[in-house]
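Chemist: Here it is, the structure in full.
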Amino acid sequence: MKEGPPAERGTPVGRRVFLGTLALGALGVVAAPPLQRGLEGFLGSAADKDPTGLTGLLPNGGGFRYYSVASSVPRKNADTYRLTVDGLVDRPTTYTLADLEALPQTRLVRDVQCVTGWRVPDTPFEGVRLSRLLDAAGVRPTAKAVRFTCFDGTYTESLTLAQARRADVLVALRMQDKDLGHAHGGLVRLYVAPMYFYKSAKWLSGITLTDEVRPGYWEKRGYDIDAWVGRSNGRDDEPTS
């Protein structure tokens, strides 16, 4: 499940589930904000169990859309979550959630732009600057890029080392001023503010320094590796930062 390009074909859901989900989506268009927030939570939970990606076609109060690239995603908690930093570094490190929470936090407020067209304005993200984790690990001179892996077992992403060191690239722990929920990639996700949202990998579990950029999940399927909003993928959206 990813907030990004449309899902690949999966197992069909039943007619009753499909019709019920459509009805809830229609209700979300006209419902009061509290009900819309509840609907968004429901769609996030439903998307986690929906390998077809049909839930990603429905509107919801928060403006986000949910897509699947894996049929299911394990859930992590503060005791079981781990983030590794390894590869071409002098000091490979493993972080717990508490370790990440103890580091200085940066808050950014930017529009979220999906390459499929939807946009969620003024969305706060908060977390640790990726550059801080890279510096702590001691990046070797031969490293040119960073590869990201996720505990869904499927999704990957990459950035050049220069991109990864930008001040607006976070290992995010919070979104919309609350802890990241599972549907939004919690407990920890990547957030690359100036790029289309498929670069902001959910369920982040690994940060690996490499000697070259290794195309991620969607890049292998035709999307641009350098995914600057408004300057890639044939789109002219307004920049997000």
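The way I read the labels, and the way they are meant: chains A, B, ... in the order of the structure tokens, residue 1 as the first residue of every chain, and ligand 1 as the first ligand shown, with later ones counted on from there.
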Please return as a compact mmCIF listing (two decimals) with N, CA and C atoms, in the first residue's frame: the residues of region 66-225 of chain A that backbone DSSP assigns to strand (DSSP E or B).

Modeler:
```txt
# COMPACT_ATOMS: atom_id res chain seq x y z
N TYR A 67 -3.11 3.36 -2.01
CA TYR A 67 -2.83 2.40 -3.06
C TYR A 67 -2.03 1.23 -2.49
N LEU A 83 15.06 0.60 12.50
CA LEU A 83 15.53 1.23 11.27
C LEU A 83 17.03 1.07 11.19
N THR A 84 17.51 0.47 10.12
CA THR A 84 18.95 0.25 9.97
C THR A 84 19.53 1.24 8.97
N VAL A 85 20.73 1.71 9.26
CA VAL A 85 21.52 2.52 8.34
C VAL A 85 22.80 1.75 8.08
N ASP A 86 23.03 1.37 6.82
CA ASP A 86 24.18 0.52 6.52
C ASP A 86 24.68 0.78 5.11
N GLY A 87 25.45 -0.14 4.57
CA GLY A 87 26.04 0.04 3.25
C GLY A 87 27.40 0.69 3.35
N VAL A 89 29.08 2.93 4.79
CA VAL A 89 29.22 3.80 5.97
C VAL A 89 30.26 3.21 6.90
N THR A 93 24.32 1.48 11.89
CA THR A 93 23.55 1.77 13.09
C THR A 93 22.13 1.23 12.95
N THR A 94 21.58 0.78 14.06
CA THR A 94 20.19 0.39 14.12
C THR A 94 19.48 1.27 15.14
N TYR A 95 18.37 1.88 14.73
CA TYR A 95 17.61 2.78 15.58
C TYR A 95 16.29 2.13 15.99
N THR A 106 12.54 18.15 13.21
CA THR A 106 12.29 19.27 12.29
C THR A 106 10.85 19.16 11.80
N ARG A 107 10.14 20.29 11.78
CA ARG A 107 8.76 20.33 11.31
C ARG A 107 8.69 21.11 10.00
N LEU A 108 8.09 20.50 8.98
CA LEU A 108 7.90 21.14 7.69
C LEU A 108 6.41 21.16 7.37
N VAL A 109 5.95 22.23 6.74
CA VAL A 109 4.56 22.31 6.27
C VAL A 109 4.60 22.60 4.78
N ARG A 110 4.22 21.62 3.97
CA ARG A 110 4.25 21.72 2.52
C ARG A 110 3.00 21.08 1.94
N ASP A 111 2.70 21.39 0.70
CA ASP A 111 1.68 20.64 -0.03
C ASP A 111 2.22 19.25 -0.35
N VAL A 112 1.37 18.26 -0.27
CA VAL A 112 1.69 16.91 -0.74
C VAL A 112 1.11 16.76 -2.14
N GLN A 113 1.93 16.40 -3.10
CA GLN A 113 1.50 16.27 -4.50
C GLN A 113 1.76 14.86 -4.99
N ARG A 119 -3.74 16.51 -4.68
CA ARG A 119 -2.85 17.36 -3.88
C ARG A 119 -3.51 17.65 -2.53
N VAL A 120 -2.73 17.59 -1.46
CA VAL A 120 -3.22 17.92 -0.13
C VAL A 120 -2.40 19.11 0.37
N PRO A 121 -3.01 20.29 0.48
CA PRO A 121 -2.24 21.49 0.82
C PRO A 121 -1.86 21.55 2.30
N ASP A 122 -0.76 22.25 2.55
CA ASP A 122 -0.34 22.63 3.91
C ASP A 122 -0.36 21.45 4.89
N THR A 123 0.38 20.41 4.53
CA THR A 123 0.42 19.21 5.35
C THR A 123 1.68 19.21 6.21
N PRO A 124 1.53 19.22 7.55
CA PRO A 124 2.72 19.19 8.41
C PRO A 124 3.32 17.80 8.51
N PHE A 125 4.64 17.72 8.38
CA PHE A 125 5.40 16.52 8.68
C PHE A 125 6.47 16.89 9.70
N GLU A 126 6.80 15.95 10.57
CA GLU A 126 7.81 16.20 11.58
C GLU A 126 8.67 14.95 11.76
N GLY A 127 9.98 15.16 11.87
CA GLY A 127 10.87 14.03 12.07
C GLY A 127 12.32 14.45 12.08
N VAL A 128 13.19 13.49 11.89
CA VAL A 128 14.64 13.71 11.93
C VAL A 128 15.14 13.95 10.51
N ARG A 129 15.94 14.97 10.33
CA ARG A 129 16.54 15.18 9.02
C ARG A 129 17.39 13.96 8.64
N VAL A 139 29.38 8.59 6.24
CA VAL A 139 29.27 8.20 4.84
C VAL A 139 30.67 8.14 4.20
N ALA A 145 24.75 7.52 -3.50
CA ALA A 145 23.29 7.49 -3.47
C ALA A 145 22.82 6.77 -2.21
N VAL A 146 21.51 6.84 -1.98
CA VAL A 146 20.89 6.20 -0.83
C VAL A 146 19.71 5.37 -1.32
N ARG A 147 19.65 4.13 -0.88
CA ARG A 147 18.53 3.23 -1.22
C ARG A 147 17.69 3.00 0.04
N PHE A 148 16.37 3.06 -0.12
CA PHE A 148 15.45 2.91 1.00
C PHE A 148 14.63 1.63 0.81
N THR A 149 14.52 0.86 1.86
CA THR A 149 13.69 -0.34 1.84
C THR A 149 12.63 -0.23 2.93
N CYS A 150 11.56 -1.02 2.78
CA CYS A 150 10.39 -0.88 3.62
C CYS A 150 9.96 -2.23 4.16
N THR A 156 10.63 0.01 -2.63
CA THR A 156 11.97 0.57 -2.51
C THR A 156 11.98 1.96 -3.13
N GLU A 157 12.96 2.75 -2.74
CA GLU A 157 13.17 4.08 -3.33
C GLU A 157 14.65 4.41 -3.29
N SER A 158 15.03 5.45 -4.03
CA SER A 158 16.42 5.91 -4.05
C SER A 158 16.48 7.42 -4.21
N LEU A 159 17.53 7.99 -3.67
CA LEU A 159 17.88 9.40 -3.88
C LEU A 159 19.37 9.48 -4.13
N THR A 160 19.81 10.51 -4.85
CA THR A 160 21.24 10.77 -4.88
C THR A 160 21.66 11.25 -3.49
N VAL A 169 14.30 16.91 3.53
CA VAL A 169 14.12 15.46 3.44
C VAL A 169 14.19 14.90 4.86
N LEU A 170 13.10 14.27 5.30
CA LEU A 170 12.98 13.82 6.68
C LEU A 170 12.76 12.32 6.77
N VAL A 171 13.25 11.75 7.85
CA VAL A 171 12.76 10.47 8.34
C VAL A 171 11.62 10.84 9.29
N ALA A 172 10.40 10.74 8.80
CA ALA A 172 9.25 11.35 9.48
C ALA A 172 8.61 10.40 10.48
N LEU A 173 8.26 10.97 11.65
CA LEU A 173 7.58 10.24 12.71
C LEU A 173 6.16 10.74 12.93
N ARG A 174 5.87 11.95 12.43
CA ARG A 174 4.55 12.55 12.64
C ARG A 174 4.06 13.20 11.35
N MET A 175 2.75 13.22 11.18
CA MET A 175 2.10 13.86 10.05
C MET A 175 0.81 14.47 10.53
N LYS A 178 0.23 14.59 14.42
CA LYS A 178 -0.02 13.39 15.22
C LYS A 178 0.92 12.30 14.74
N ASP A 179 1.13 11.30 15.60
CA ASP A 179 2.01 10.20 15.24
C ASP A 179 1.53 9.54 13.95
N ARG A 189 8.28 6.86 8.19
CA ARG A 189 8.33 6.90 6.74
C ARG A 189 9.36 7.92 6.29
N LEU A 190 9.72 7.84 5.03
CA LEU A 190 10.52 8.88 4.39
C LEU A 190 9.60 10.00 3.94
N TYR A 191 10.09 11.25 4.03
CA TYR A 191 9.33 12.38 3.48
C TYR A 191 10.29 13.24 2.67
N VAL A 192 10.07 13.29 1.36
CA VAL A 192 10.89 14.07 0.43
C VAL A 192 10.02 15.22 -0.06
N MET A 195 9.51 16.52 -3.90
CA MET A 195 9.30 15.55 -4.96
C MET A 195 7.90 14.93 -4.87
N LEU A 204 9.24 2.72 6.50
CA LEU A 204 10.68 2.71 6.28
C LEU A 204 11.39 1.78 7.26
N SER A 205 12.25 0.92 6.73
CA SER A 205 12.99 0.00 7.59
C SER A 205 14.49 -0.02 7.31
N GLY A 206 14.92 0.46 6.13
CA GLY A 206 16.34 0.41 5.80
C GLY A 206 16.81 1.60 5.00
N ILE A 207 17.98 2.11 5.35
CA ILE A 207 18.65 3.20 4.64
C ILE A 207 20.05 2.69 4.31
N THR A 208 20.31 2.48 3.02
CA THR A 208 21.57 1.86 2.61
C THR A 208 22.32 2.78 1.66
N LEU A 209 23.55 3.11 2.00
CA LEU A 209 24.40 3.93 1.14
C LEU A 209 24.98 3.06 0.04
N THR A 210 24.86 3.53 -1.21
CA THR A 210 25.29 2.76 -2.37
C THR A 210 26.21 3.60 -3.26
```

Chemist: Do you have, as a Markdown table, the list of residues of region 70-145 of chain A lying at most 8 Å from region 211-218 of chain A, each with its nearest atom pair and that distance in Å to one decimal, counting only C-alpha atoms and ordered by chain then number?

Modeler:
```
| residue | atom | partner | partner_atom | distance |
| --- | --- | --- | --- | --- |
| A:Leu88 | CA | A:Asp211 | CA | 7.8 |
| A:Thr142 | CA | A:Asp211 | CA | 6.0 |
| A:Ala143 | CA | A:Asp211 | CA | 4.7 |
| A:Lys144 | CA | A:Asp211 | CA | 4.9 |
| A:Ala145 | CA | A:Val213 | CA | 5.2 |
```

Chemist: Go ahead and compute the interatomic distance for CA of Ser131 (chain A) and CA of Lys202 (chain A), in Å to one decimal.

Modeler: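 About the pair CA of Ser131 (chain A) and CA of Lys202 (chain A): they are 18.3 Å apart.
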
Chemist: Ranking A:Ala167, A:Leu133, A:Leu187, A:Val69 by minimum distance to Leu97 (chain A) and counting only C-alpha atoms, which one comes first?

Modeler: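 So, comparing all the options, the nearest one is A:Leu187.
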
Chemist: Run DSSP on the backbone and tell me which residues of region 103-217 of chain A come out as alpha helix (DSSP H); list them as a ChimeraX atom specification.

Modeler: /A:130-137,161-164

Chemist: Counting only C-alpha atoms, which of A:Asp135, A:Asp99, A:Asp168, A:Asp237 gets nearest to Tyr196 (chain A)?

Modeler: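 Looking at the shortest contact to Tyr196 (chain A), the residue is A:Asp237.
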
Chemist: Using only C-alpha atoms, can you tell me which of A:Ser232, A:Ser200, A:Thr96, A:Gln176 comes closest to Lys76 (chain A)?

Modeler: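 Closest candidate: A:Thr96.
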
Chemist: Need the shell around Arg231 (chain A): protein/DNA/RNA residues with any atom at most 12 Å away, counting only C-alpha atoms. Skip same-chain ones fewer than 5 positions apart. Format as a list in words?

Modeler: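 Once the nearby chain positions are removed, what remains is Val115, Pro194, Met195, Tyr196, Asp224, Ile225, Asp226, Asp236, Asp237, Glu238, Pro239 and Thr240 of chain A.
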